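> Compact mmCIF, C-alpha atoms (C1' of nucleotides), saved as query15.txt, coming up:
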# COMPACT_ATOMS: atom_id res chain seq x y z
CA MET A 1 51.73 144.80 84.25
CA ARG A 2 53.88 142.52 86.37
CA ILE A 3 57.44 143.09 87.48
CA GLY A 4 59.04 141.29 84.55
CA GLU A 5 57.43 143.55 82.01
CA LEU A 6 58.25 146.68 83.96
CA GLU A 7 61.81 145.46 84.09
CA LYS A 8 61.90 145.17 80.31
CA ARG A 9 60.11 148.43 79.64
CA THR A 10 62.35 150.46 81.91
CA GLY A 11 65.59 148.54 81.67
CA THR A 12 65.57 148.43 85.44
CA PRO A 13 66.42 145.16 87.22
CA ALA A 14 63.50 143.70 89.18
CA ARG A 15 65.87 143.74 92.12
CA SER A 16 65.94 147.52 92.00
CA LEU A 17 62.20 147.81 91.50
CA ARG A 18 61.66 145.83 94.69
CA TYR A 19 64.21 148.01 96.42
CA TYR A 20 62.44 151.19 95.33
CA GLU A 21 59.23 149.75 96.70
CA GLN A 22 60.92 148.95 99.97
CA GLN A 23 62.06 152.58 100.12
CA GLY A 24 58.51 153.76 99.57
CA LEU A 25 58.97 155.11 96.03
CA LEU A 26 56.59 152.62 94.46
CA THR A 27 53.54 150.87 95.87
CA PRO A 28 52.18 148.40 93.32
CA ARG A 29 48.95 146.56 94.00
CA ARG A 30 49.14 142.88 94.77
CA LEU A 31 47.31 140.21 92.81
CA ASP A 32 45.69 137.28 94.56
CA ASN A 33 48.77 135.18 93.99
CA GLY A 34 51.00 137.79 95.64
CA TYR A 35 52.43 139.10 92.36
CA ARG A 36 53.03 142.83 92.08
CA GLU A 37 50.83 144.65 89.59
CA TYR A 38 52.05 147.97 88.16
CA ASP A 39 50.05 150.65 86.40
CA ASP A 40 51.26 151.91 83.05
CA TYR A 41 52.16 155.37 84.24
CA LEU A 42 54.74 153.86 86.55
CA VAL A 43 57.00 153.22 83.59
CA ASP A 44 57.68 156.94 83.44
CA ARG A 45 58.00 157.24 87.15
CA VAL A 46 60.59 154.48 87.28
CA LEU A 47 62.62 156.17 84.56
CA GLN A 48 62.41 159.40 86.49
CA ILE A 49 63.55 157.69 89.67
CA ARG A 50 66.48 156.08 87.91
CA GLY A 51 67.53 159.37 86.42
CA LEU A 52 67.47 161.05 89.80
CA ILE A 53 69.38 158.26 91.51
CA ASP A 54 71.94 158.40 88.74
CA SER A 55 72.20 162.13 89.33
CA GLY A 56 73.09 161.62 92.93
CA ILE A 57 69.72 162.12 94.60
CA PRO A 58 69.21 159.49 97.29
CA THR A 59 65.92 157.61 97.49
CA ARG A 60 65.25 159.26 100.84
CA ILE A 61 64.99 162.62 99.08
CA ILE A 62 63.25 161.31 95.99
CA LYS A 63 60.55 160.02 98.28
CA GLN A 64 59.94 163.53 99.52
CA MET A 65 59.70 164.78 95.97
CA LEU A 66 56.93 162.34 95.16
CA PRO A 67 54.07 164.83 95.55
CA CYS A 68 55.69 166.84 92.73
CA LEU A 69 56.14 163.87 90.46
CA GLY A 70 52.65 162.45 90.84
CA LYS A 71 51.04 161.24 87.65
CA PRO A 72 47.89 160.63 89.66
CA HIS A 73 47.92 164.40 89.73
CA THR A 74 48.30 165.34 93.27
CA ILE A 75 45.64 167.58 94.67
CA VAL A 76 47.80 167.51 97.75
CA VAL A 77 48.44 171.19 97.39
CA GLU A 78 45.98 172.23 100.04
CA ASP A 79 47.35 170.25 102.95
CA ALA A 80 50.98 170.86 102.07
CA ASP A 81 53.23 170.33 105.02
CA PRO A 82 55.25 173.53 105.52
CA GLU A 83 58.16 171.32 106.56
CA LEU A 84 58.01 169.70 103.13
CA LEU A 85 58.21 173.07 101.44
CA VAL A 86 61.46 173.81 103.21
CA VAL A 87 62.90 170.48 102.15
CA LEU A 88 61.79 170.94 98.57
CA GLY A 89 63.21 174.42 98.40
CA ARG A 90 66.53 173.21 99.67
CA GLU A 91 66.64 170.29 97.27
CA ARG A 92 65.71 172.50 94.37
CA ASP A 93 68.69 174.69 95.20
CA ARG A 94 71.00 171.71 95.39
CA MET A 95 69.72 170.49 92.06
CA ASN A 96 70.53 173.87 90.57
CA GLN A 97 74.06 173.58 91.92
CA ARG A 98 74.40 170.15 90.39
CA ILE A 99 73.12 171.37 87.06
CA GLU A 100 75.59 174.24 87.09
CA CYS A 101 78.46 171.96 87.97
CA LEU A 102 77.55 169.40 85.34
CA ALA A 103 77.06 172.05 82.67
CA ARG A 104 80.38 173.70 83.45
CA ASN A 105 82.25 170.43 83.24
CA ARG A 106 80.40 169.31 80.16
CA ASP A 107 81.48 172.53 78.51
CA ALA A 108 85.06 171.85 79.55
CA ILE A 109 84.87 168.42 77.95
CA ASP A 110 83.40 169.91 74.81
CA ALA A 111 86.12 172.52 74.63
CA TYR A 112 88.77 169.87 75.09
CA MET A 113 87.32 167.67 72.40
CA ARG A 114 87.09 170.58 70.02
CA ALA A 115 90.71 171.45 70.71
CA VAL A 116 91.73 167.90 69.96
CA ALA A 117 89.65 167.95 66.80
CA GLU A 118 91.48 171.04 65.59
CA ALA A 119 94.84 169.51 66.33
CA SER A 120 94.15 166.31 64.48
CA PRO A 121 90.83 166.43 62.64
CA ALA A 122 91.06 162.91 61.27
CA ARG A 123 91.23 161.04 64.55
CA ALA A 124 88.55 163.06 66.28
CA ALA A 125 86.02 163.20 63.47
CA ALA A 126 84.61 159.77 64.13
CA VAL A 127 84.00 160.51 67.78
CA VAL A 128 82.44 163.94 68.03
CA MET B 1 99.15 174.64 101.92
CA ARG B 2 98.78 171.52 104.03
CA ILE B 3 95.81 169.24 104.28
CA GLY B 4 94.22 171.02 107.22
CA GLU B 5 93.99 174.30 105.38
CA LEU B 6 92.67 172.67 102.24
CA GLU B 7 90.07 171.00 104.39
CA LYS B 8 88.96 174.37 105.73
CA ARG B 9 89.08 176.16 102.40
CA THR B 10 87.03 173.53 100.59
CA GLY B 11 84.87 172.24 103.40
CA THR B 12 86.07 168.78 102.44
CA PRO B 13 87.12 166.35 105.19
CA ALA B 14 90.81 165.45 105.10
CA ARG B 15 89.65 161.86 104.97
CA SER B 16 88.10 162.52 101.58
CA LEU B 17 91.10 164.46 100.31
CA ARG B 18 93.29 161.43 101.05
CA TYR B 19 90.77 159.21 99.37
CA TYR B 20 90.76 161.36 96.24
CA GLU B 21 94.53 161.15 96.19
CA GLN B 22 94.35 157.39 96.51
CA GLN B 23 92.01 157.36 93.52
CA GLY B 24 94.48 159.40 91.51
CA LEU B 25 92.50 162.66 91.42
CA LEU B 26 95.06 164.63 93.39
CA THR B 27 98.81 164.26 93.69
CA PRO B 28 100.15 166.72 96.23
CA ARG B 29 103.87 167.08 96.75
CA ARG B 30 105.36 165.75 99.96
CA LEU B 31 107.38 167.86 102.37
CA ASP B 32 110.47 166.44 104.07
CA ASN B 33 108.41 165.44 107.07
CA GLY B 34 105.98 163.49 104.91
CA TYR B 35 103.23 166.12 105.05
CA ARG B 36 101.17 166.68 101.92
CA GLU B 37 101.65 170.09 100.28
CA TYR B 38 98.88 171.41 98.03
CA ASP B 39 99.08 174.19 95.46
CA ASP B 40 96.51 176.97 95.61
CA TYR B 41 94.77 176.05 92.39
CA LEU B 42 93.79 172.73 93.91
CA VAL B 43 91.15 174.47 96.00
CA ASP B 44 89.10 174.91 92.85
CA ARG B 45 89.83 171.44 91.66
CA VAL B 46 88.66 169.91 94.91
CA LEU B 47 85.42 171.88 94.74
CA GLN B 48 84.97 170.68 91.19
CA ILE B 49 85.59 167.08 92.21
CA ARG B 50 83.12 167.33 95.06
CA GLY B 51 80.48 168.78 92.79
CA LEU B 52 80.93 165.97 90.32
CA ILE B 53 80.84 163.26 92.95
CA ASP B 54 77.73 164.83 94.40
CA SER B 55 76.23 164.74 90.91
CA GLY B 56 76.73 161.04 90.64
CA ILE B 57 80.00 160.89 88.70
CA PRO B 58 82.27 158.23 90.18
CA THR B 59 85.94 159.03 90.83
CA ARG B 60 86.89 156.47 88.21
CA ILE B 61 85.28 158.69 85.55
CA ILE B 62 86.38 161.97 87.07
CA LYS B 63 89.92 160.72 86.80
CA GLN B 64 89.49 160.34 83.07
CA MET B 65 88.15 163.86 82.83
CA LEU B 66 91.25 165.31 84.44
CA PRO B 67 92.91 166.42 81.20
CA CYS B 68 89.88 168.67 80.66
CA LEU B 69 89.93 170.13 84.14
CA GLY B 70 93.64 170.91 84.24
CA LYS B 71 94.54 174.23 85.77
CA PRO B 72 98.14 173.52 84.80
CA HIS B 73 96.67 174.03 81.38
CA THR B 74 97.02 170.80 79.62
CA ILE B 75 98.92 170.89 76.40
CA VAL B 76 98.01 167.24 76.26
CA VAL B 77 95.92 167.85 73.23
CA GLU B 78 98.47 166.51 70.77
CA ASP B 79 98.92 163.06 72.20
CA ALA B 80 95.26 162.57 73.00
CA ASP B 81 94.40 158.91 73.35
CA PRO B 82 91.56 158.16 70.89
CA GLU B 83 90.20 155.77 73.49
CA LEU B 84 89.89 158.72 75.87
CA LEU B 85 87.91 160.69 73.34
CA VAL B 86 85.35 157.93 73.16
CA VAL B 87 85.04 157.85 76.93
CA LEU B 88 84.74 161.61 77.16
CA GLY B 89 82.11 161.74 74.46
CA ARG B 90 80.07 159.11 76.22
CA GLU B 91 80.35 160.85 79.57
CA ARG B 92 79.44 164.18 78.08
CA ASP B 93 76.25 162.59 76.78
CA ARG B 94 75.45 161.09 80.14
CA MET B 95 76.03 164.44 81.77
CA ASN B 96 73.56 165.98 79.37
CA GLN B 97 71.01 163.35 80.34
CA ARG B 98 71.56 164.12 83.98
CA ILE B 99 71.19 167.83 83.39
CA GLU B 100 67.94 167.28 81.55
CA CYS B 101 66.60 165.02 84.26
CA LEU B 102 67.56 167.40 87.03
CA ALA B 103 66.15 170.41 85.21
CA ARG B 104 62.88 168.67 84.50
CA ASN B 105 62.42 167.68 88.10
CA ARG B 106 63.53 171.01 89.42
CA ASP B 107 60.84 172.58 87.26
CA ALA B 108 58.31 170.15 88.69
CA ILE B 109 59.30 171.19 92.18
CA ASP B 110 59.06 174.84 91.24
CA ALA B 111 55.63 174.34 89.74
CA TYR B 112 54.46 172.51 92.84
CA MET B 113 55.75 175.20 95.16
CA ARG B 114 54.12 177.89 93.08
CA ALA B 115 50.83 176.00 93.21
CA VAL B 116 51.09 175.77 96.97
CA ALA B 117 51.93 179.46 97.15
CA GLU B 118 48.77 180.32 95.24
CA ALA B 119 46.66 178.11 97.44
CA SER B 120 47.94 179.59 100.67
CA PRO B 121 50.21 182.60 100.07
CA ALA B 122 50.91 183.20 103.72
CA ARG B 123 52.50 179.88 104.58
CA ALA B 124 54.58 179.64 101.42
CA ALA B 125 55.89 183.18 101.33
CA ALA B 126 58.62 182.59 103.85
CA VAL B 127 60.00 179.62 101.97
CA VAL B 128 60.13 180.51 98.30
C1' DT C 1 51.32 115.86 84.61
C1' DC C 2 55.71 117.52 83.71
C1' DT C 3 58.44 121.40 82.67
C1' DA C 4 59.70 126.14 81.74
C1' DT C 5 59.08 130.55 83.02
C1' DC C 6 57.90 133.83 86.09
C1' DG C 7 56.89 135.37 90.56
C1' DT C 8 57.85 135.54 95.91
C1' DT C 9 61.06 136.41 100.19
C1' DG C 10 65.40 136.35 102.52
C1' DA C 11 70.24 136.31 102.80
C1' DC C 12 74.85 137.35 101.72
C1' DA C 13 78.30 140.09 99.08
C1' DC C 14 80.21 143.87 96.76
C1' DT C 15 81.47 148.90 95.53
C1' DA C 16 81.87 153.82 96.49
C1' DG C 17 82.49 157.25 99.56
C1' DT C 18 82.88 158.63 104.17
C1' DG C 19 83.26 158.46 109.47
C1' DT C 20 86.08 157.27 113.06
C1' DC C 21 89.64 155.50 115.85
C1' DA C 22 94.36 153.98 117.11
C1' DA C 23 99.26 154.51 117.29
C1' DG C 24 102.59 157.20 116.17
C1' DG C 25 105.74 161.34 114.08
C1' DT C 26 106.45 166.76 113.75
C1' DC C 27 106.66 171.17 115.37
C1' DA C 28 105.86 175.55 117.64
C1' DA C 29 105.06 177.89 121.74
C1' DA C 30 104.97 178.13 126.81
C1' DT D 1 110.85 169.90 127.80
C1' DT D 2 106.32 169.25 127.83
C1' DT D 3 101.89 170.33 125.84
C1' DG D 4 98.80 170.70 122.09
C1' DA D 5 97.80 171.08 117.38
C1' DC D 6 98.68 169.02 113.28
C1' DC D 7 100.33 165.42 110.34
C1' DT D 8 101.05 160.23 108.97
C1' DT D 9 99.17 155.27 107.90
C1' DG D 10 96.09 151.50 108.71
C1' DA D 11 92.00 149.40 110.12
C1' DC D 12 87.23 148.73 110.90
C1' DA D 13 82.36 150.23 110.17
C1' DC D 14 78.54 152.14 107.93
C1' DT D 15 75.13 153.54 104.09
C1' DA D 16 73.17 153.27 99.45
C1' DG D 17 72.26 150.74 95.65
C1' DT D 18 72.80 146.60 93.24
C1' DG D 19 74.15 141.61 92.05
C1' DT D 20 73.28 137.08 92.99
C1' DC D 21 71.69 132.88 94.93
C1' DA D 22 68.57 129.71 97.40
C1' DA D 23 64.20 127.77 98.28
C1' DC D 24 59.79 128.03 97.25
C1' DG D 25 54.91 129.04 94.94
C1' DA D 26 52.13 130.14 90.49
C1' DT D 27 50.93 129.46 85.82
C1' DA D 28 50.81 128.18 81.14
C1' DG D 29 51.79 125.02 77.45
C1' DA D 30 53.47 120.29 75.54
Could I get this file's structure written as structure tokens?

Amino acid sequence: MRIGELEKRTGTPARSLRYYEQQGLLTPRRLDNGYREYDDYLVDRVLQIRGLIDSGIPTRIIKQMLPCLGKPHTIVVEDADPELLVVLGRERDRMNQRIECLARNRDAIDAYMRAVAEASPARAAAVV
Amino acid sequence: MRIGELEKRTGTPARSLRYYEQQGLLTPRRLDNGYREYDDYLVDRVLQIRGLIDSGIPTRIIKQMLPCLGKPHTIVVEDADPELLVVLGRERDRMNQRIECLARNRDAIDAYMRAVAEASPARAAAVV
DNA sequence: TCTATCGTTGACACTAGTGTCAAGGTCAAA
DNA sequence: TTTGACCTTGACACTAGTGTCAACGATAGA
């Protein structure tokens, strides 16, 4: 598919798709007319990238995670750069910290909303 | 405590602490000489703020979460702005999305590292 | 063939968060 | 009283990611 369709199917501005490519996260083929041509599986990858960016992971790091995210299922296991393993291990730990932090604060929000709901059930009912 | 100690105890640059204050996340008292004076419980709050920022939550949103994070335990439940409840509900959902995304990708990283470990136990052992 | 729609690149601008520096005030200890 | 560590505000700069616009080429349909 071309960039317009990928934009629609992922809800991601073409501007960002080009940016991701520039950062080495995406490498679409080029048609004879210069248009970018994306494979279907990239829809998922783009969504994954967006989710990670939205979760505070910079593209620089996402790029290093690519061998783990490969839909073209990476047989890259054999020649794994030991350096990469260190990076991945570190990032995995940081992701766990983020998850913990988010979960803790989500629970706090939940508790607060429940408290409000008990105090005035009517107003809160529509929201929760 | 003053800003220097808070900086040490949270590992957060004073520059950022002033920025958080400017964004309304922190409101330290002022001593006669103009110095900022922080209560002890703010150490935790700062860590919480940092974790959220690092997880992609902008200060604008964190500010709205403050009633949930209150150490001076918010009795604010009664006069809860219904508007706020909507915002909180939405953010809670987005946090859940982030958690899911992070967990999924963390698992992918784990799987990859385990695969590498099986392929060449020696090199991977030190890392995992 | 004209036009609408989509694609291309390049440039400039904006926000968020942080780094860094300058110019100056406070305070304790030598 | 001078030095050094710490505080203040204000300014400028930088990165990441995105918005937006300009100028242009490609393509499909009336």
> Residues of chain A within 9 Å of chain C: nearest atom pair and distance (Å, one decimal) for each, counting all atoms listed in the file, sorted by chain and number, as a Markdown table?

| residue | atom | partner | partner_atom | distance |
| --- | --- | --- | --- | --- |
| A:Arg2 | CA | C:DG7 | C1' | 8.8 |
| A:Ile3 | CA | C:DG7 | C1' | 8.3 |
| A:Gly4 | CA | C:DC6 | C1' | 7.7 |
| A:Asn33 | CA | C:DG7 | C1' | 8.8 |
| A:Gly34 | CA | C:DT8 | C1' | 7.2 |
| A:Tyr35 | CA | C:DG7 | C1' | 6.1 |
| A:Arg36 | CA | C:DG7 | C1' | 8.5 |
> What are the residues of chain D lining chain A at 9 Å or less? Count only C-alpha atoms (C1' of nucleotides), and put the answer as a count of residues only.
6
> May I have the residues of chain A within 8 Å of chain B, counting all atoms listed in the file, written as a CSV table (one decimal) with C-alpha atoms, in the coordinates of the input?

chain,number,residue,atom,x,y,z
A,48,GLN,CA,62.4,159.4,86.5
A,51,GLY,CA,67.5,159.4,86.4
A,52,LEU,CA,67.5,161.0,89.8
A,53,ILE,CA,69.4,158.3,91.5
A,54,ASP,CA,71.9,158.4,88.7
A,55,SER,CA,72.2,162.1,89.3
A,56,GLY,CA,73.1,161.6,92.9
A,57,ILE,CA,69.7,162.1,94.6
A,65,MET,CA,59.7,164.8,96.0
A,68,CYS,CA,55.7,166.8,92.7
A,69,LEU,CA,56.1,163.9,90.5
A,77,VAL,CA,48.4,171.2,97.4
A,78,GLU,CA,46.0,172.2,100.0
A,80,ALA,CA,51.0,170.9,102.1
A,82,PRO,CA,55.2,173.5,105.5
A,85,LEU,CA,58.2,173.1,101.4
A,86,VAL,CA,61.5,173.8,103.2
A,88,LEU,CA,61.8,170.9,98.6
A,89,GLY,CA,63.2,174.4,98.4
A,92,ARG,CA,65.7,172.5,94.4
A,95,MET,CA,69.7,170.5,92.1
A,96,ASN,CA,70.5,173.9,90.6
A,98,ARG,CA,74.4,170.2,90.4
A,99,ILE,CA,73.1,171.4,87.1
A,101,CYS,CA,78.5,172.0,88.0
A,102,LEU,CA,77.6,169.4,85.3
A,103,ALA,CA,77.1,172.0,82.7
A,105,ASN,CA,82.2,170.4,83.2
A,106,ARG,CA,80.4,169.3,80.2
A,108,ALA,CA,85.1,171.8,79.6
A,109,ILE,CA,84.9,168.4,78.0
A,110,ASP,CA,83.4,169.9,74.8
A,112,TYR,CA,88.8,169.9,75.1
A,113,MET,CA,87.3,167.7,72.4
A,115,ALA,CA,90.7,171.4,70.7
A,116,VAL,CA,91.7,167.9,70.0
A,119,ALA,CA,94.8,169.5,66.3
A,120,SER,CA,94.2,166.3,64.5
A,123,ARG,CA,91.2,161.0,64.6
A,124,ALA,CA,88.6,163.1,66.3
A,127,VAL,CA,84.0,160.5,67.8
A,128,VAL,CA,82.4,163.9,68.0
> C1' of DC12 in chain D and CA of Leu6 in chain B, how far apart in Å?
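Going from CA of Leu6 in chain B over to C1' of DC12 in chain D, I get 26.0 Å.
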> For the atom pair C1' of DC14 in chain D and CA of Val43 in chain B, what is the interatomic distance in Å to one decimal place?
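Distance between the two atoms: 28.3 Å.
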> As an exercise, work out the distance from CA of Val46 in chain A to CA of Met1 in chain A in Å and give it to one decimal place.
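So the answer is 13.5 Å.
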